[in-house]
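Printed here is final.csv (CSV, C-alpha atoms):
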```csv
chain,number,residue,atom,x,y,z
X,1,MET,CA,21.8,13.5,-2.9
X,2,ARG,CA,19.1,13.3,-5.5
X,3,GLU,CA,16.4,15.8,-6.5
X,4,ALA,CA,13.0,14.5,-7.8
X,5,PHE,CA,9.7,16.3,-8.2
X,6,GLY,CA,10.9,19.2,-6.1
X,7,ALA,CA,12.2,17.1,-3.1
X,8,SER,CA,15.6,16.0,-2.1
X,9,PHE,CA,16.5,12.4,-1.3
X,10,GLY,CA,19.6,11.1,0.5
X,11,VAL,CA,19.2,7.7,-1.1
X,12,ASP,CA,22.3,6.0,-2.6
X,13,PRO,CA,22.5,4.9,-6.2
X,14,GLY,CA,21.2,1.4,-6.7
X,15,TYR,CA,18.3,1.6,-4.3
X,16,LEU,CA,15.6,-0.6,-6.0
X,17,ASN,CA,13.6,-2.0,-3.1
X,18,THR,CA,10.7,0.5,-2.8
X,19,ALA,CA,8.3,-2.4,-3.1
X,20,GLY,CA,9.7,-3.5,0.3
X,21,ILE,CA,10.6,-0.2,2.0
X,22,GLY,CA,10.2,3.3,0.4
X,23,VAL,CA,12.8,6.0,1.1
X,24,PRO,CA,11.4,9.3,2.4
X,25,PRO,CA,12.2,12.8,1.1
X,26,ASP,CA,14.7,14.5,3.4
X,27,PHE,CA,12.1,16.9,4.8
X,28,VAL,CA,10.1,13.9,6.1
X,29,ALA,CA,13.1,12.5,7.9
X,30,ASP,CA,13.9,15.9,9.3
X,31,THR,CA,10.3,16.3,10.6
X,32,LEU,CA,10.7,13.0,12.5
X,33,HIS,CA,14.2,13.9,13.8
X,34,GLU,CA,12.9,17.2,15.2
X,35,ALA,CA,9.9,15.4,16.9
X,36,ILE,CA,12.1,12.7,18.4
X,37,THR,CA,14.5,15.4,19.7
X,38,ARG,CA,11.6,17.1,21.5
X,39,TRP,CA,10.4,13.8,22.8
X,40,GLY,CA,13.8,13.1,24.3
X,41,GLU,CA,13.8,16.5,25.9
X,42,GLY,CA,10.3,16.1,27.4
X,43,ARG,CA,8.8,18.8,25.1
X,44,ILE,CA,6.1,16.8,23.4
X,45,ALA,CA,2.3,16.5,23.9
X,46,ALA,CA,0.1,13.7,22.7
X,47,ALA,CA,-2.7,16.0,21.4
X,48,GLU,CA,-0.3,17.6,18.9
X,49,PHE,CA,-0.5,14.5,16.8
X,50,ASP,CA,-4.2,14.8,16.1
X,51,GLY,CA,-3.6,17.2,13.3
X,52,PRO,CA,-1.1,14.9,11.5
X,53,VAL,CA,-3.5,11.9,11.8
X,54,ALA,CA,-6.2,14.0,10.1
X,55,ARG,CA,-3.9,15.3,7.4
X,56,ALA,CA,-2.6,11.8,6.6
X,57,LYS,CA,-6.2,10.6,6.2
X,58,GLU,CA,-6.8,13.5,3.8
X,59,GLY,CA,-3.7,12.6,1.9
X,60,PHE,CA,-4.6,9.0,1.5
X,61,ALA,CA,-8.1,9.9,0.5
X,62,ASP,CA,-6.8,12.3,-2.2
X,63,LEU,CA,-4.4,9.6,-3.6
X,64,ALA,CA,-7.1,7.0,-3.6
X,65,GLY,CA,-9.7,9.3,-5.1
X,66,VAL,CA,-12.2,9.1,-2.2
X,67,PRO,CA,-13.8,11.6,0.2
X,68,SER,CA,-11.6,12.0,3.4
X,69,ASP,CA,-14.6,11.3,5.8
X,70,ARG,CA,-14.6,7.6,4.6
X,71,VAL,CA,-11.0,7.0,5.8
X,72,THR,CA,-10.0,5.0,8.9
X,73,ALA,CA,-6.5,5.2,10.3
X,74,GLY,CA,-4.7,2.1,11.3
X,75,SER,CA,-1.2,0.6,11.7
X,76,SER,CA,-1.1,-2.2,9.1
X,77,VAL,CA,-3.0,-3.6,6.2
X,78,SER,CA,-3.7,-6.9,7.9
X,79,GLN,CA,-5.2,-5.2,10.9
X,80,LEU,CA,-7.6,-3.2,8.7
X,81,VAL,CA,-8.5,-6.1,6.4
X,82,GLY,CA,-9.1,-8.2,9.6
X,83,THR,CA,-11.8,-5.7,10.7
X,84,VAL,CA,-13.6,-6.1,7.4
X,85,ALA,CA,-13.1,-9.9,7.4
X,86,ALA,CA,-14.5,-10.3,10.9
X,87,GLY,CA,-17.7,-8.6,9.8
X,88,VAL,CA,-18.6,-10.3,6.6
X,89,PRO,CA,-21.6,-12.5,6.9
X,90,ALA,CA,-21.1,-16.1,8.0
X,91,GLY,CA,-20.9,-18.4,5.0
X,92,SER,CA,-19.6,-15.7,2.7
X,93,SER,CA,-17.5,-16.7,-0.4
X,94,VAL,CA,-14.4,-14.7,-0.9
X,95,LEU,CA,-12.4,-14.7,-4.1
X,96,VAL,CA,-8.6,-14.1,-4.2
X,97,VAL,CA,-5.8,-14.7,-6.6
X,98,GLU,CA,-3.1,-17.3,-6.3
X,99,ARG,CA,0.1,-16.1,-4.6
X,100,GLU,CA,-1.7,-13.0,-3.2
X,101,PHE,CA,0.1,-11.3,-0.3
X,102,THR,CA,-1.1,-12.9,2.9
X,103,SER,CA,-2.1,-9.7,4.6
X,104,VAL,CA,-5.0,-9.7,2.1
X,105,THR,CA,-5.9,-13.5,2.3
X,106,PHE,CA,-5.1,-14.6,5.9
X,107,PRO,CA,-7.7,-12.3,7.6
X,108,PHE,CA,-10.5,-13.9,5.6
X,109,ALA,CA,-9.0,-17.4,5.9
X,110,VAL,CA,-9.1,-17.3,9.7
X,111,GLN,CA,-12.9,-16.8,9.5
X,112,ARG,CA,-13.4,-20.4,8.4
X,113,ASP,CA,-15.1,-21.3,11.7
X,114,ARG,CA,-17.9,-19.0,10.6
X,115,GLY,CA,-18.2,-20.8,7.2
X,116,VAL,CA,-16.3,-18.1,5.3
X,117,ARG,CA,-14.8,-19.7,2.2
X,118,VAL,CA,-11.8,-18.3,0.5
X,119,THR,CA,-11.1,-19.5,-3.1
X,120,GLU,CA,-7.9,-18.9,-5.0
X,121,VAL,CA,-7.8,-18.7,-8.8
X,122,PRO,CA,-5.0,-18.0,-11.2
X,123,PRO,CA,-4.7,-14.3,-11.9
X,124,GLU,CA,-5.9,-14.6,-15.5
X,125,ARG,CA,-9.2,-16.2,-14.2
X,126,LEU,CA,-10.0,-13.5,-11.7
X,127,LEU,CA,-12.6,-11.6,-13.7
X,128,GLU,CA,-14.5,-14.7,-15.0
X,129,ALA,CA,-14.7,-16.1,-11.4
X,130,VAL,CA,-16.1,-12.9,-9.8
X,131,PRO,CA,-19.8,-13.7,-10.4
X,132,GLU,CA,-19.5,-16.9,-8.3
X,133,HIS,CA,-18.6,-15.1,-5.1
X,134,ASP,CA,-19.8,-12.5,-2.6
X,135,LEU,CA,-16.6,-10.5,-2.3
X,136,VAL,CA,-13.3,-10.2,-4.2
X,137,ALA,CA,-10.2,-9.2,-2.3
X,138,VAL,CA,-7.1,-8.4,-4.4
X,139,SER,CA,-4.0,-6.2,-4.5
X,140,LEU,CA,-4.3,-3.8,-7.4
X,141,VAL,CA,-0.6,-4.3,-8.1
X,142,GLN,CA,0.7,-7.7,-7.0
X,143,SER,CA,3.6,-7.7,-4.5
X,144,ALA,CA,5.5,-10.7,-5.9
X,145,ASP,CA,5.7,-9.8,-9.6
X,146,GLY,CA,4.1,-6.4,-10.2
X,147,ARG,CA,1.1,-7.8,-12.1
X,148,VAL,CA,-1.5,-5.0,-12.5
X,149,PHE,CA,-5.3,-5.6,-12.3
X,150,ARG,CA,-7.2,-2.9,-14.3
X,151,PRO,CA,-9.7,-1.4,-11.8
X,152,GLU,CA,-12.2,-0.4,-14.5
X,153,GLU,CA,-12.5,-4.0,-15.7
X,154,LEU,CA,-13.0,-5.3,-12.1
X,155,ARG,CA,-15.5,-2.6,-11.4
X,156,ALA,CA,-17.6,-3.5,-14.4
X,157,VAL,CA,-17.9,-7.2,-13.6
X,158,ALA,CA,-18.4,-6.7,-9.9
X,159,GLU,CA,-21.2,-4.1,-10.3
X,160,GLN,CA,-22.9,-6.2,-12.9
X,161,HIS,CA,-23.1,-9.2,-10.5
X,162,GLY,CA,-23.4,-7.3,-7.2
X,163,VAL,CA,-20.1,-8.5,-5.8
X,164,ARG,CA,-18.3,-6.4,-3.2
X,165,VAL,CA,-14.7,-5.4,-3.8
X,166,LEU,CA,-11.7,-4.9,-1.4
X,167,LEU,CA,-8.7,-3.4,-3.1
X,168,ASP,CA,-5.2,-3.3,-1.5
X,169,VAL,CA,-3.3,-0.4,-3.1
X,170,SER,CA,-0.1,-0.8,-1.1
X,171,GLN,CA,1.9,-1.4,-4.3
X,172,ALA,CA,0.0,1.1,-6.4
X,173,ALA,CA,-0.7,4.3,-4.4
X,174,GLY,CA,2.2,6.7,-4.7
X,175,TRP,CA,3.1,6.0,-8.4
X,176,MET,CA,-0.3,5.2,-10.0
X,177,PRO,CA,-3.1,7.8,-10.3
X,178,LEU,CA,-6.2,6.3,-8.7
X,179,GLU,CA,-9.9,7.0,-8.7
X,180,LEU,CA,-11.4,4.2,-6.7
X,181,GLU,CA,-14.5,5.8,-5.1
X,182,TRP,CA,-16.6,2.9,-6.4
X,183,ALA,CA,-14.8,0.1,-4.4
X,184,GLU,CA,-16.4,-0.9,-1.1
X,185,TRP,CA,-13.1,-1.0,0.7
X,186,ILE,CA,-9.7,0.4,-0.2
X,187,VAL,CA,-6.7,-0.4,2.0
X,188,GLY,CA,-3.1,0.6,1.9
X,189,CYS,CA,0.0,0.9,3.9
X,190,GLY,CA,2.3,3.9,3.8
X,191,TYR,CA,5.8,2.6,4.1
X,192,LYS,CA,6.3,1.6,0.5
X,193,TRP,CA,5.5,3.9,-2.4
X,194,LEU,CA,4.0,6.5,-0.1
X,195,MET,CA,7.4,6.8,1.6
X,196,THR,CA,6.1,7.1,5.1
X,197,PRO,CA,7.4,5.4,8.3
X,198,ARG,CA,6.1,1.9,9.0
X,199,GLY,CA,3.1,2.0,11.3
X,200,ALA,CA,0.7,4.0,9.2
X,201,ALA,CA,-2.1,2.4,7.1
X,202,TRP,CA,-5.6,3.4,6.0
X,203,LEU,CA,-8.9,1.9,5.0
X,204,ALA,CA,-11.5,3.8,3.0
X,205,THR,CA,-15.0,2.4,3.3
X,206,ARG,CA,-18.2,3.2,1.3
X,207,PRO,CA,-21.0,4.4,3.6
X,208,GLU,CA,-23.4,1.7,2.6
X,209,VAL,CA,-21.1,-1.1,3.9
X,210,LEU,CA,-20.0,0.6,7.2
X,211,GLU,CA,-22.4,-1.7,9.1
X,212,ILE,CA,-20.5,-4.8,8.0
X,213,PRO,CA,-17.2,-4.4,10.0
X,214,ARG,CA,-17.4,-4.6,13.7
X,215,ALA,CA,-15.0,-2.4,15.6
X,216,HIS,CA,-13.1,-5.3,17.3
X,217,GLY,CA,-10.3,-2.9,18.1
X,218,ALA,CA,-12.5,-0.2,19.7
X,219,ASN,CA,-10.4,2.1,21.7
X,220,TRP,CA,-10.2,5.6,23.1
X,221,TYR,CA,-9.1,7.2,19.8
X,222,ALA,CA,-12.3,5.9,18.1
X,223,GLY,CA,-14.5,7.7,20.6
X,224,ARG,CA,-16.8,10.5,19.7
X,225,SER,CA,-14.5,12.9,21.5
X,226,PRO,CA,-11.3,11.1,22.2
X,227,TRP,CA,-9.8,13.4,24.8
X,228,ASN,CA,-13.1,13.5,26.7
X,229,ASP,CA,-14.1,9.8,26.3
X,230,LEU,CA,-11.1,8.2,28.1
X,231,TYR,CA,-12.8,6.5,31.0
X,232,GLY,CA,-15.9,4.3,31.7
X,233,LEU,CA,-19.0,3.1,29.8
X,234,PRO,CA,-21.3,3.3,28.0
X,235,LEU,CA,-19.8,2.7,24.6
X,236,ARG,CA,-19.6,5.9,22.6
X,237,LEU,CA,-17.8,5.5,19.3
X,238,ALA,CA,-17.4,8.1,16.7
X,239,GLU,CA,-19.8,8.2,13.7
X,240,GLY,CA,-18.8,6.7,10.4
X,241,ALA,CA,-15.2,5.6,9.6
X,242,GLY,CA,-13.8,7.2,12.7
X,243,ALA,CA,-15.3,4.4,14.8
X,244,PHE,CA,-12.7,2.0,13.4
X,245,ASP,CA,-9.6,4.3,14.0
X,246,ALA,CA,-6.7,2.6,15.8
X,247,SER,CA,-4.8,4.4,18.6
X,248,PRO,CA,-2.2,6.0,16.4
X,249,ASP,CA,1.5,5.4,16.1
X,250,TRP,CA,2.4,9.1,16.7
X,251,PHE,CA,5.7,9.3,14.8
X,252,ALA,CA,4.5,7.2,11.9
X,253,GLN,CA,1.4,9.4,11.5
X,254,LEU,CA,3.6,12.5,11.8
X,255,GLY,CA,5.9,11.3,9.0
X,256,ALA,CA,2.9,10.2,6.9
X,257,ALA,CA,1.3,13.6,7.1
X,258,ALA,CA,4.5,15.3,5.9
X,259,ALA,CA,5.0,12.8,3.1
X,260,LEU,CA,1.4,12.8,1.9
X,261,ASP,CA,1.0,16.6,2.1
X,262,TRP,CA,3.7,16.7,-0.5
X,263,LEU,CA,2.9,13.6,-2.5
X,264,LYS,CA,-0.7,14.8,-3.2
X,265,THR,CA,0.7,17.9,-4.9
X,266,VAL,CA,2.9,15.8,-7.3
X,267,ASP,CA,1.6,14.9,-10.8
X,268,LEU,CA,1.3,11.2,-10.4
X,269,SER,CA,0.8,10.8,-14.2
X,270,SER,CA,4.4,12.0,-14.5
X,271,VAL,CA,5.5,9.8,-11.7
X,272,ARG,CA,4.0,6.8,-13.4
X,273,GLU,CA,5.6,7.7,-16.7
X,274,HIS,CA,9.0,8.1,-15.0
X,275,CYS,CA,8.8,4.8,-13.2
X,276,LEU,CA,7.6,2.8,-16.1
X,277,GLU,CA,10.2,4.3,-18.4
X,278,LEU,CA,13.0,3.2,-16.1
X,279,ALA,CA,11.5,-0.2,-15.5
X,280,GLY,CA,11.0,-0.6,-19.3
X,281,ALA,CA,14.5,0.5,-20.0
X,282,LEU,CA,16.0,-2.2,-17.8
X,283,CYS,CA,13.8,-4.8,-19.4
X,284,ALA,CA,14.9,-3.7,-22.8
X,285,GLU,CA,18.5,-3.9,-21.8
X,286,LEU,CA,17.9,-7.4,-20.5
X,287,GLU,CA,15.8,-8.4,-23.5
X,288,VAL,CA,12.8,-9.4,-21.5
X,289,SER,CA,9.1,-8.3,-21.8
X,290,PRO,CA,8.3,-4.8,-20.5
X,291,PRO,CA,6.6,-4.8,-17.1
X,292,GLU,CA,3.1,-3.6,-16.3
X,293,SER,CA,4.3,-1.7,-13.2
X,294,PRO,CA,7.5,-0.3,-11.8
X,295,ILE,CA,8.1,-3.7,-10.3
X,296,VAL,CA,10.4,-5.9,-12.4
X,297,SER,CA,10.4,-9.6,-11.5
X,298,LEU,CA,13.1,-11.7,-13.1
X,299,ASP,CA,14.0,-15.4,-13.0
X,300,ALA,CA,17.3,-14.6,-11.3
X,301,ALA,CA,16.8,-15.0,-7.5
X,302,GLY,CA,20.3,-16.3,-7.2
X,303,ALA,CA,21.7,-13.0,-8.4
X,304,VAL,CA,20.6,-11.0,-5.3
X,305,SER,CA,23.9,-11.4,-3.5
X,306,GLU,CA,25.9,-10.4,-6.6
X,307,LEU,CA,23.7,-7.4,-7.1
X,308,ARG,CA,24.0,-6.3,-3.5
X,309,ALA,CA,27.8,-6.6,-3.8
X,310,ALA,CA,27.5,-4.2,-6.8
X,311,GLY,CA,25.6,-1.7,-4.7
X,312,VAL,CA,22.1,-2.6,-5.7
X,313,ARG,CA,19.5,-2.8,-3.0
X,314,CYS,CA,16.9,-5.4,-4.0
X,315,THR,CA,15.3,-8.6,-2.8
X,316,ALA,CA,13.9,-12.0,-3.8
X,317,ARG,CA,10.2,-12.6,-3.7
X,318,ASP,CA,8.4,-15.9,-4.5
X,319,GLY,CA,11.6,-17.4,-5.9
X,320,ARG,CA,12.4,-14.5,-8.2
X,321,LEU,CA,14.5,-11.4,-8.2
X,322,ARG,CA,12.4,-8.3,-7.5
X,323,LEU,CA,13.4,-4.7,-8.4
X,324,ALA,CA,11.3,-1.7,-8.0
X,325,PHE,CA,11.7,1.8,-9.5
X,326,HIS,CA,10.3,4.9,-7.8
X,327,LEU,CA,10.4,8.6,-8.4
X,328,TYR,CA,13.8,9.0,-6.9
X,329,ASN,CA,15.4,6.5,-9.3
X,330,THR,CA,17.4,7.4,-12.4
X,331,GLU,CA,19.0,5.9,-15.4
X,332,THR,CA,22.1,5.4,-13.3
X,333,ASP,CA,20.2,2.7,-11.4
X,334,VAL,CA,19.2,1.0,-14.6
X,335,ARG,CA,22.8,0.8,-15.8
X,336,LEU,CA,24.0,-0.4,-12.4
X,337,VAL,CA,21.6,-3.4,-12.5
X,338,SER,CA,22.0,-4.3,-16.1
X,339,ASP,CA,25.8,-4.2,-15.9
X,340,ALA,CA,25.8,-6.4,-12.7
X,341,LEU,CA,23.4,-8.9,-14.2
X,342,ARG,CA,25.3,-9.2,-17.5
X,343,ARG,CA,28.5,-9.9,-15.5
X,344,ASN,CA,27.0,-12.4,-13.2
X,345,SER,CA,24.1,-14.1,-14.9
X,346,SER,CA,24.7,-17.1,-17.2
X,347,ALA,CA,21.1,-18.1,-17.5
X,348,PRO,CA,18.6,-16.3,-19.8
X,349,LEU,CA,16.2,-14.0,-17.9
X,350,ARG,CA,12.4,-14.0,-18.4
```
Could you quickly redo this structure as structure tokens?
Amino acid sequence: MREAFGASFGVDPGYLNTAGIGVPPDFVADTLHEAITRWGEGRIAAAEFDGPVARAKEGFADLAGVPSDRVTAGSSVSQLVGTVAAGVPAGSSVLVVEREFTSVTFPFAVQRDRGVRVTEVPPERLLEAVPEHDLVAVSLVQSADGRVFRPEELRAVAEQHGVRVLLDVSQAAGWMPLELEWAEWIVGCGYKWLMTPRGAAWLATRPEVLEIPRAHGANWYAGRSPWNDLYGLPLRLAEGAGAFDASPDWFAQLGAAAALDWLKTVDLSSVREHCLELAGALCAELEVSPPESPIVSLDAAGAVSELRAAGVRCTARDGRLRLAFHLYNTETDVRLVSDALRRNSSAPLR
């Protein structure tokens, strides 16, 4: 059992895979267990999940630094980005970085029959390439290697040249303080650093671009009055961001509400400091450059099996070993990894 920022976690030592799957505080798991028990006993009602859906929206808005009335609830990043991509004007030019996570790039790439063009550039060329495009879509923190794009730099060049911006904060929200009200679209999933169940994701949209997406997934929950708009035409969608809501995954949204209610009370500056200190300590032990984020990417993909045998939960991404430190990690995890790598790695790390 670990205590962190006022919450208890049942995570074992060596869990360094938050970039893949975050571990919830115990009270979040308990909330789900209680609801599943009531479901199994036939003591659950669908309407009782409306409150958690709204609370989770508010939590995501708070963590992204945007008003809550701009937030749409969905189930995955790709589904929400797909809504945006399907509405961009035909012939639009979209800028992405090389090796970007495909949930950001594929939704735009499939629009090629409408003349939508997607251009990849090396990460170090992103800012200089922005003026040549209509829209830039990028993960604020890259999934594969933890590279961080500074939002204030991207904002400055995008606003100067009138380029719209979609930011994926899936690897940032939950450890990085964010104030992203300026971006046209902010998307993120919950099951990583936000420590929610899989099946909850959100999209924040600035009011002036709400006319761009089309609600291809229009459904009963996106109606003006969901419980009164269940049958028949005419179309009667909610105003604003609610018109794009997906029919919710009840248990995912319930867990998300519990996790985000707590997380938005946590000092994220302290979380960032804690995570970067641990990631930096590991890099210092291994004599490699300090990371920009809590994600440590090492040229040691072959060490995954040895690390797992030593009790380290990690993964390989894009041909490299990936480790991720979150608020529930401690110096014990640093030592566990460094000792295992020193024992098993004969090649220099970088």
In terms of the shortest atom-to-atom distance over all atoms listed in the file, which of X:Pro294, X:Gly20, X:Gly311, X:Gly217 is closest to Thr83 of chain X?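 For Thr83 of chain X, the nearest of the given residues is X:Gly217.
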Nearest residue to Leu135 of chain X out of X:Gly255, X:Gly91, X:Gly223, X:Gly174, using only C-alpha atoms?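 Nearest candidate to Leu135 of chain X out of X:Gly255, X:Gly91, X:Gly223, X:Gly174: X:Gly91.
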Shell around segment 192-205 of chain X at 6 Å using all atoms listed in the file, local window under 2 positions removed, as a CSV table (one decimal) with C-alpha atoms, in the coordinates of the input:
```csv
chain,number,residue,atom,x,y,z
X,18,THR,CA,10.7,0.5,-2.8
X,19,ALA,CA,8.3,-2.4,-3.1
X,21,ILE,CA,10.6,-0.2,2.0
X,22,GLY,CA,10.2,3.3,0.4
X,23,VAL,CA,12.8,6.0,1.1
X,24,PRO,CA,11.4,9.3,2.4
X,70,ARG,CA,-14.6,7.6,4.6
X,71,VAL,CA,-11.0,7.0,5.8
X,72,THR,CA,-10.0,5.0,8.9
X,73,ALA,CA,-6.5,5.2,10.3
X,74,GLY,CA,-4.7,2.1,11.3
X,75,SER,CA,-1.2,0.6,11.7
X,76,SER,CA,-1.1,-2.2,9.1
X,174,GLY,CA,2.2,6.7,-4.7
X,184,GLU,CA,-16.4,-0.9,-1.1
X,185,TRP,CA,-13.1,-1.0,0.7
X,186,ILE,CA,-9.7,0.4,-0.2
X,187,VAL,CA,-6.7,-0.4,2.0
X,188,GLY,CA,-3.1,0.6,1.9
X,189,CYS,CA,0.0,0.9,3.9
X,190,GLY,CA,2.3,3.9,3.8
X,252,ALA,CA,4.5,7.2,11.9
X,253,GLN,CA,1.4,9.4,11.5
X,255,GLY,CA,5.9,11.3,9.0
X,256,ALA,CA,2.9,10.2,6.9
```
Contacts of Gly162 of chain X at 12 Å or less, counting all atoms listed in the file, minus same-chain residues fewer than 2 places along, as a ChimeraX atom specification? /X:130-136,154-160,164-165,183-184
Pick out the residues sitting within 9 Å of Leu263 of chain X, and hand them over as a ChimeraX atom specification; count only C-alpha atoms, and ignore anything fewer than 2 positions along from it in its own chain. /X:59,63,174,194,258-261,265-268
For atom CA of Ala46 of chain X and atom CA of Phe251 of chain X, quote the distance in Å rounded to one decimal.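 It comes out at 10.6 Å.
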Please provide as a ChimeraX atom specification all residues within 7 Å of Asn17 of chain X, with the sequence filter that same-chain residues fewer than 5 positions apart are discarded (counting all atoms listed in the file). /X:313-315,323-324
Write out as a list in words which residues come within 12 Å of Ala215 of chain X when counting all atoms listed in the file, dropping same-chain ones fewer than 5 positions away.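 With the cut-off at 12 Å, the set is Thr72, Gln79, Leu80, Val81, Gly82, Thr83, Val84, Ala85, Ala86, Gly87, Leu210, Trp220, Ala222, Gly223, Leu235, Arg236, Leu237, Ala238, Glu239, Gly240, Ala241, Gly242, Ala243, Phe244, Asp245 and Ala246 of chain X.
Distance check against Trp39 of chain X using only C-alpha atoms: of X:Trp250, X:Thr332, X:Val337, X:Leu233, the minimum falls on X:Trp250.
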Rank X:Phe60, X:Phe101, X:Phe108, X:Phe27 by their smallest atom-to-atom distance to Ala173 of chain X, using only C-alpha atoms, and report the top residue only.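 Closest to Ala173 of chain X of all the choices is X:Phe60.
The space between atom CA of Val104 of chain X and atom CA of Asp145 of chain X spans 15.9 Å.
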Every residue with an atom at most 10 Å from (21.8, -15.2, -7.1) (file coordinates; all atoms listed in the file) is what I'm after, so could you write them as a VMD selection string? chain X and resid 299 to 308 316 320 to 321 341 344 to 345
Please save C-alpha atoms of the selected residues as a tab-separated table (two decimals), in the frame of the given file.
```
chain	number	residue	atom	x	y	z
X	299	ASP	CA	14.00	-15.40	-13.00
X	300	ALA	CA	17.30	-14.60	-11.30
X	301	ALA	CA	16.80	-15.00	-7.50
X	302	GLY	CA	20.30	-16.30	-7.20
X	303	ALA	CA	21.70	-13.00	-8.40
X	304	VAL	CA	20.60	-11.00	-5.30
X	305	SER	CA	23.90	-11.40	-3.50
X	306	GLU	CA	25.90	-10.40	-6.60
X	307	LEU	CA	23.70	-7.40	-7.10
X	308	ARG	CA	24.00	-6.30	-3.50
X	316	ALA	CA	13.90	-12.00	-3.80
X	320	ARG	CA	12.40	-14.50	-8.20
X	321	LEU	CA	14.50	-11.40	-8.20
X	341	LEU	CA	23.40	-8.90	-14.20
X	344	ASN	CA	27.00	-12.40	-13.20
X	345	SER	CA	24.10	-14.10	-14.90
```
Residue list as a list of chain:residue names for point (23.9, 13.1, -1.1), cut-off 8 Å, only C-alpha atoms: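 Protein and nucleic acid residues near the point are X:Met1, X:Arg2, X:Phe9, X:Gly10, X:Val11, X:Asp12.
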